[in-house]
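Engineer: To start, I am sharing the structure in question, which I have written as structure tokens.
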Amino acid sequence: MTGMLDAWLDELALIGGNGRAVNRFAWTPELLAASRWLVQRLHELGLEAEIDPAGNVLGRWQAGDGPAVLVGSHLDTVPEGGRFDGALGVLSALEAIRRLKDEGFEPAQPLWIAAFNDEEGTRFGTTMFGSAAFVGDDQAELRDRVSTDGVPLSEAMRAAGFDFDLVPRACLIGSVGCYLELHIEQGPRMELQRMDTAVVTGIVGVRGYRVELRGETNHAGTTPMENRRDALAGASRVVLALRDAALSAGDITVNVGRIDVQPGGTNVVPGTAVFFVDARAADPQRFASLDALVRECVGTAAAQERLTIEISPTHEHPPTPMDPALQQLLGDEMRAAGLTWGELSSGAGHDAQVLARHVASAMLFVPSQGGISHSPDEFTPSEQREPGVAVLTAALRKLCSTQRP
Ligand SMILES: [Zn+2]
């Protein structure tokens, strides 16, 4: 019994959708329409619901006087995104609440649902803006952040009917006791291991670097090979060394996704190469070791090619473990339901890592067919969604049945 979930997924996919891909970005009419659509669905279920000053949709099933159990995900997408990343978490939460209402469940404490704004950060690079506002992070420095289409954030907000100065009013974390999020896996591990559902143990830590290697620009034909100081050759050594290190470590990932070579002539030895490294690990010790690994790979390659190095960290997010008691609860529900399940770390960032800094938080995954996501081809069929929805519903029933201290 999938209830309303299939119909809701279809309806939501039409908002900002072109029949194949979905495009819903922060402060655009498409995302606002999806948010208003969700507010309507929440009202239909008898919840109080509104869009808060940070653009989050917040629905409240008020009961008792304890801290709220919060469940949610996000409705925004990457460019040409799919129908399930974020949306499935929000709609599964909606379906769980619908089922609890349907069975006449009376929560002993508030049950809230959130669709956090701008999890992907597609338009302004303001990843997890909505959940950061919800937990009270100071985001004042983002006011003049300019979008990919050239609009400052504060102006885009004004055009959408919001006020940047009021964003701090979205902070309600003080009323929340714990957070649950269902999400598609966005990778192939569950499919490979034939898991119905997975308990997320933690969200990987990420280190980002900008690396500049400098050699000597020169003539491509007259400079002897042994005399060259080729910055791109050095960068290539770094890319391969990092990949090999990650392959042999097994529990880290490293990516170089962007490289600029100067001066960029087809008949010129590249004098400068600037590239960006994204290194991730879920294990805190591994995460700590990533910095030395990146610096060592760069240092060795630069020495081999006689290049000078400038290396600067661009961002650092430590690994975020999920709450052990909530992991246990989710695992117990999966076992009780007779599911084939396992434990996985998340290689992608999620709103849960923002919430986890303040309240007990946990996530469960359902499979992504072919491991594909951030693509119109991302797909999780109904029969692979249902176990996750059932576990989420059972977990919420349990969490809201007794007052948490
Ligand atoms: Zn997501």
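By order of appearance in the structure tokens: chains A, B, ..., then residues from 1 within every chain, and ligands from 1 in the order shown.
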Just want the 12 Å neighbourhood of Gly177 (chain A), counted on only C-alpha atoms, with same-chain residues fewer than 6 positions away dropped. Output as number ranges by chain.
Structural biologist: A: 65-71, 109-112, 326, 355-356, 358-361, 399-400, 403-405
Engineer: Save the residues we just selected, C-alpha atoms, as a JSON list (two decimals), in the first residue's frame?
Structural biologist:
[["chain", "number", "residue", "atom", "x", "y", "z"],
["A", 65, "ASP", "CA", 4.40, 20.18, 25.24],
["A", 66, "GLY", "CA", 7.73, 18.39, 24.72],
["A", 67, "PRO", "CA", 10.31, 19.10, 22.05],
["A", 68, "ALA", "CA", 9.18, 18.38, 18.49],
["A", 69, "VAL", "CA", 10.16, 15.33, 16.49],
["A", 70, "LEU", "CA", 11.19, 16.82, 13.14],
["A", 71, "VAL", "CA", 11.17, 14.90, 9.85],
["A", 109, "GLN", "CA", 4.65, 15.49, 21.52],
["A", 110, "PRO", "CA", 4.74, 17.76, 18.47],
["A", 111, "LEU", "CA", 5.51, 16.15, 15.10],
["A", 112, "TRP", "CA", 6.94, 18.66, 12.65],
["A", 326, "LEU", "CA", 18.26, 6.85, 16.55],
["A", 355, "LEU", "CA", 20.70, 19.53, 12.28],
["A", 356, "ALA", "CA", 23.07, 16.97, 13.86],
["A", 358, "HIS", "CA", 22.25, 20.66, 17.53],
["A", 359, "VAL", "CA", 19.90, 17.70, 18.01],
["A", 360, "ALA", "CA", 20.00, 13.91, 17.75],
["A", 361, "SER", "CA", 19.69, 13.22, 14.02],
["A", 399, "LEU", "CA", 9.41, 8.64, 18.79],
["A", 400, "CYS", "CA", 6.12, 10.51, 19.22],
["A", 403, "GLN", "CA", 7.96, 12.12, 25.79],
["A", 404, "ARG", "CA", 11.69, 12.35, 25.10],
["A", 405, "PRO", "CA", 13.66, 13.95, 27.90]]
Engineer: Got a sec to tell me which of region 48-160 of chain A DSSP assigns to strand (DSSP E), as a list in words?
Structural biologist: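 Going through region 48-160 of chain A, the strand (DSSP E) residues come out as Glu48, Ala49, Glu50, Ile51, Val57, Leu58, Gly59, Arg60, Trp61, Ala68, Val69, Leu70, Val71, Gly72, Ser73, His74, Leu111, Trp112, Ile113, Ala114, Ala115 and Phe116 of chain A.
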Engineer: How would the residues just chosen look if you wrote them out with C-alpha atoms as a CSV table (one decimal), in the first residue's frame?
Structural biologist:
chain,number,residue,atom,x,y,z
A,48,GLU,CA,-0.4,24.1,10.7
A,49,ALA,CA,1.9,25.0,7.8
A,50,GLU,CA,3.7,28.0,6.4
A,51,ILE,CA,6.8,29.1,4.5
A,57,VAL,CA,8.3,24.9,4.5
A,58,LEU,CA,7.4,24.0,8.1
A,59,GLY,CA,4.3,21.9,9.0
A,60,ARG,CA,3.4,21.4,12.6
A,61,TRP,CA,1.2,18.6,14.1
A,68,ALA,CA,9.2,18.4,18.5
A,69,VAL,CA,10.2,15.3,16.5
A,70,LEU,CA,11.2,16.8,13.1
A,71,VAL,CA,11.2,14.9,9.9
A,72,GLY,CA,12.0,16.2,6.4
A,73,SER,CA,14.4,16.8,3.5
A,74,HIS,CA,14.4,19.4,0.6
A,111,LEU,CA,5.5,16.1,15.1
A,112,TRP,CA,6.9,18.7,12.7
A,113,ILE,CA,7.8,18.3,9.0
A,114,ALA,CA,10.3,20.5,7.1
A,115,ALA,CA,11.2,21.0,3.5
A,116,PHE,CA,14.5,22.9,3.8
Engineer: Which polymer residues have any atom within 7 Å of an atom of Asn117 (chain A), counting only C-alpha atoms, with same-chain residues fewer than 3 positions away left out, as a VMD selection string?
Structural biologist: chain A and resid 26 55 to 56 74 76 129 to 130
Engineer: Just the selected residues (C-alpha atoms), exported as a PDB file, in the first residue's frame, please.
Structural biologist:
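The file below, out_4.pdb, is the result:
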ATOM      1  CA  ALA A  26      16.190  28.844  -4.369  1.00  0.00           C
ATOM      2  CA  GLY A  55      12.015  29.866   2.566  1.00  0.00           C
ATOM      3  CA  ASN A  56      11.646  26.572   4.448  1.00  0.00           C
ATOM      4  CA  HIS A  74      14.368  19.358   0.628  1.00  0.00           C
ATOM      5  CA  ASP A  76      15.062  22.166  -4.444  1.00  0.00           C
ATOM      6  CA  PHE A 129      20.871  27.773   3.523  1.00  0.00           C
ATOM      7  CA  GLY A 130      17.456  26.810   4.882  1.00  0.00           C
TER       8      GLY A 130
END
Engineer: For ligand 1, list the contacting residues at 7 Å or closer, counting only C-alpha atoms and all ligand atoms, as a list in words.
Structural biologist: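 Every residue with an atom at most 7 Å from ligand 1 is listed here: His74, Asp85, Gly86, Glu119, His183 and His350 of chain A.
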Engineer: Could you give me, as number ranges by chain, the residues within 10 Å of region 279-286 of chain A, counting only C-alpha atoms and dropping anything in the same chain fewer than 4 positions from it?
Structural biologist: A: 201-209, 242, 246, 249-256, 290-291, 293-294, 316-321, 344-348
Engineer: Filtering to N, CA and C atoms, could you give me those residues as a compact mmCIF listing (two decimals), in the first residue's frame?
Structural biologist:
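Output (again_11.txt):
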# COMPACT_ATOMS: atom_id res chain seq x y z
N THR A 201 25.21 5.78 8.99
CA THR A 201 26.03 5.86 10.20
C THR A 201 26.59 7.26 10.39
N GLY A 202 26.83 7.94 9.28
CA GLY A 202 27.39 9.28 9.38
C GLY A 202 27.52 9.89 8.00
N ILE A 203 27.79 11.17 7.97
CA ILE A 203 27.94 11.88 6.70
C ILE A 203 29.42 12.25 6.56
N VAL A 204 29.97 11.95 5.40
CA VAL A 204 31.42 12.12 5.22
C VAL A 204 31.89 13.54 5.49
N GLY A 205 33.12 13.65 5.92
CA GLY A 205 33.77 14.95 6.01
C GLY A 205 34.38 15.31 4.67
N VAL A 206 34.40 16.59 4.37
CA VAL A 206 34.93 17.06 3.08
C VAL A 206 36.01 18.10 3.31
N ARG A 207 37.13 17.94 2.59
CA ARG A 207 38.16 18.98 2.55
C ARG A 207 38.30 19.43 1.10
N GLY A 208 38.30 20.74 0.89
CA GLY A 208 38.49 21.27 -0.45
C GLY A 208 39.77 22.10 -0.52
N TYR A 209 40.47 22.00 -1.65
CA TYR A 209 41.72 22.77 -1.83
C TYR A 209 41.76 23.41 -3.21
N LEU A 242 46.57 10.98 -6.38
CA LEU A 242 45.43 11.05 -5.47
C LEU A 242 44.47 9.89 -5.73
N ALA A 246 43.55 6.93 -3.06
CA ALA A 246 42.16 6.67 -2.65
C ALA A 246 41.79 5.22 -2.92
N ALA A 249 43.47 3.13 -0.26
CA ALA A 249 42.91 3.33 1.09
C ALA A 249 41.55 2.66 1.21
N GLY A 250 40.73 2.76 0.18
CA GLY A 250 39.43 2.08 0.18
C GLY A 250 38.29 2.84 0.83
N ASP A 251 38.60 3.66 1.83
CA ASP A 251 37.50 4.34 2.53
C ASP A 251 37.58 5.87 2.40
N ILE A 252 38.25 6.33 1.36
CA ILE A 252 38.25 7.77 1.08
C ILE A 252 37.92 7.97 -0.40
N THR A 253 37.47 9.17 -0.75
CA THR A 253 37.32 9.53 -2.16
C THR A 253 38.08 10.82 -2.40
N VAL A 254 38.66 10.93 -3.60
CA VAL A 254 39.34 12.16 -3.97
C VAL A 254 38.95 12.49 -5.40
N ASN A 255 38.68 13.75 -5.66
CA ASN A 255 38.25 14.16 -6.98
C ASN A 255 38.91 15.48 -7.37
N VAL A 256 39.38 15.55 -8.61
CA VAL A 256 39.77 16.84 -9.18
C VAL A 256 38.80 17.08 -10.33
N LEU A 290 43.66 13.27 5.66
CA LEU A 290 43.51 13.70 4.26
C LEU A 290 44.39 14.91 3.92
N ASP A 291 44.54 15.80 4.88
CA ASP A 291 45.31 17.01 4.62
C ASP A 291 46.75 16.66 4.24
N LEU A 293 47.82 13.81 3.14
CA LEU A 293 47.81 13.06 1.89
C LEU A 293 47.83 13.99 0.68
N VAL A 294 46.92 14.98 0.70
CA VAL A 294 46.83 15.91 -0.43
C VAL A 294 48.16 16.67 -0.58
N GLU A 316 36.20 23.12 4.67
CA GLU A 316 36.44 21.94 5.50
C GLU A 316 35.20 21.67 6.34
N HIS A 317 34.57 20.51 6.10
CA HIS A 317 33.43 20.10 6.92
C HIS A 317 33.77 18.75 7.53
N PRO A 318 33.92 18.67 8.84
CA PRO A 318 34.30 17.40 9.46
C PRO A 318 33.21 16.35 9.28
N PRO A 319 33.56 15.07 9.42
CA PRO A 319 32.54 14.03 9.33
C PRO A 319 31.50 14.22 10.43
N THR A 320 30.25 13.91 10.10
CA THR A 320 29.16 14.07 11.07
C THR A 320 28.56 12.71 11.38
N PRO A 321 28.86 12.15 12.56
CA PRO A 321 28.22 10.88 12.92
C PRO A 321 26.74 11.09 13.20
N LEU A 344 25.40 2.22 6.20
CA LEU A 344 26.22 2.89 5.20
C LEU A 344 26.57 4.30 5.68
N SER A 345 27.73 4.78 5.25
CA SER A 345 27.98 6.21 5.45
C SER A 345 27.48 6.94 4.21
N SER A 346 27.21 8.22 4.35
CA SER A 346 26.74 9.01 3.21
C SER A 346 27.90 9.79 2.62
N GLY A 347 28.15 9.59 1.33
CA GLY A 347 29.22 10.33 0.65
C GLY A 347 28.78 11.70 0.21
N ALA A 348 27.48 11.97 0.31
CA ALA A 348 26.94 13.28 -0.08
C ALA A 348 26.55 14.06 1.17
Engineer: Restricting the calculation to only C-alpha atoms, which member of A:Glu30, A:Asp196, A:Glu185, A:Asp230 is positioned closest to Leu12 (chain A)?
Structural biologist: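 Using only C-alpha atoms, the shortest distance to Leu12 (chain A) belongs to A:Glu30.
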Engineer: Write out as a PyMOL selection string which residues come within 10 Å of Gln193 (chain A) when counting only C-alpha atoms, dropping same-chain ones fewer than 3 positions away.
Structural biologist: chain A and resi 188-190+196+340-342
Engineer: With a distance cut-off of 10 Å and only C-alpha atoms, select the neighbouring residues of Gly3 (chain A), excluding the residue or stretch itself and same-chain residues fewer than 3 positions from it, and output the selection as a list in words.
Structural biologist: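 In the requested form, the answer reads Asp6, Ala7, Trp8, Glu95, Ala96, Arg98, Arg99 and Glu386 of chain A.
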Engineer: Residues near Glu378 (chain A), anyone? I mean within 10 Å using only C-alpha atoms, not counting same-chain ones fewer than 3 positions away, as a list in words.
Structural biologist: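 What passes the distance filter is Ala21, Gly81, Gly82, Arg83, Phe84, Asp85, Ile184, Gln186, Ser368, Gln369, Gly370, Gly371, Ile372, Ser373, His374 and Ser375 of chain A.
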Engineer: Work out how far apart CA of Thr126 (chain A) and CA of Arg210 (chain A) are and give it in Å to one decimal.
Structural biologist: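 Straight-line distance from CA of Thr126 (chain A) to CA of Arg210 (chain A) works out to 19.1 Å.
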Engineer: Please, which residues of region 219-318 of chain A, numbered as in this document, come out helix (DSSP H, G or I) from DSSP, as number ranges by chain?
Structural biologist: A: 225-227, 231-249, 284-305
Engineer: What gap, in Å, lies between CA of Val146 (chain A) and CA of Phe162 (chain A)?
Structural biologist: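 Answer for the CA of Val146 (chain A) to CA of Phe162 (chain A) separation: 16.5 Å.
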Engineer: Which residue gives the smallest distance to Ala395 (chain A) among A:Gly264, A:Gly17, A:Gly331, A:Pro324, with only C-alpha atoms counted?
Structural biologist: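 Of the candidates, the smallest distance to Ala395 (chain A) is held by A:Gly331.
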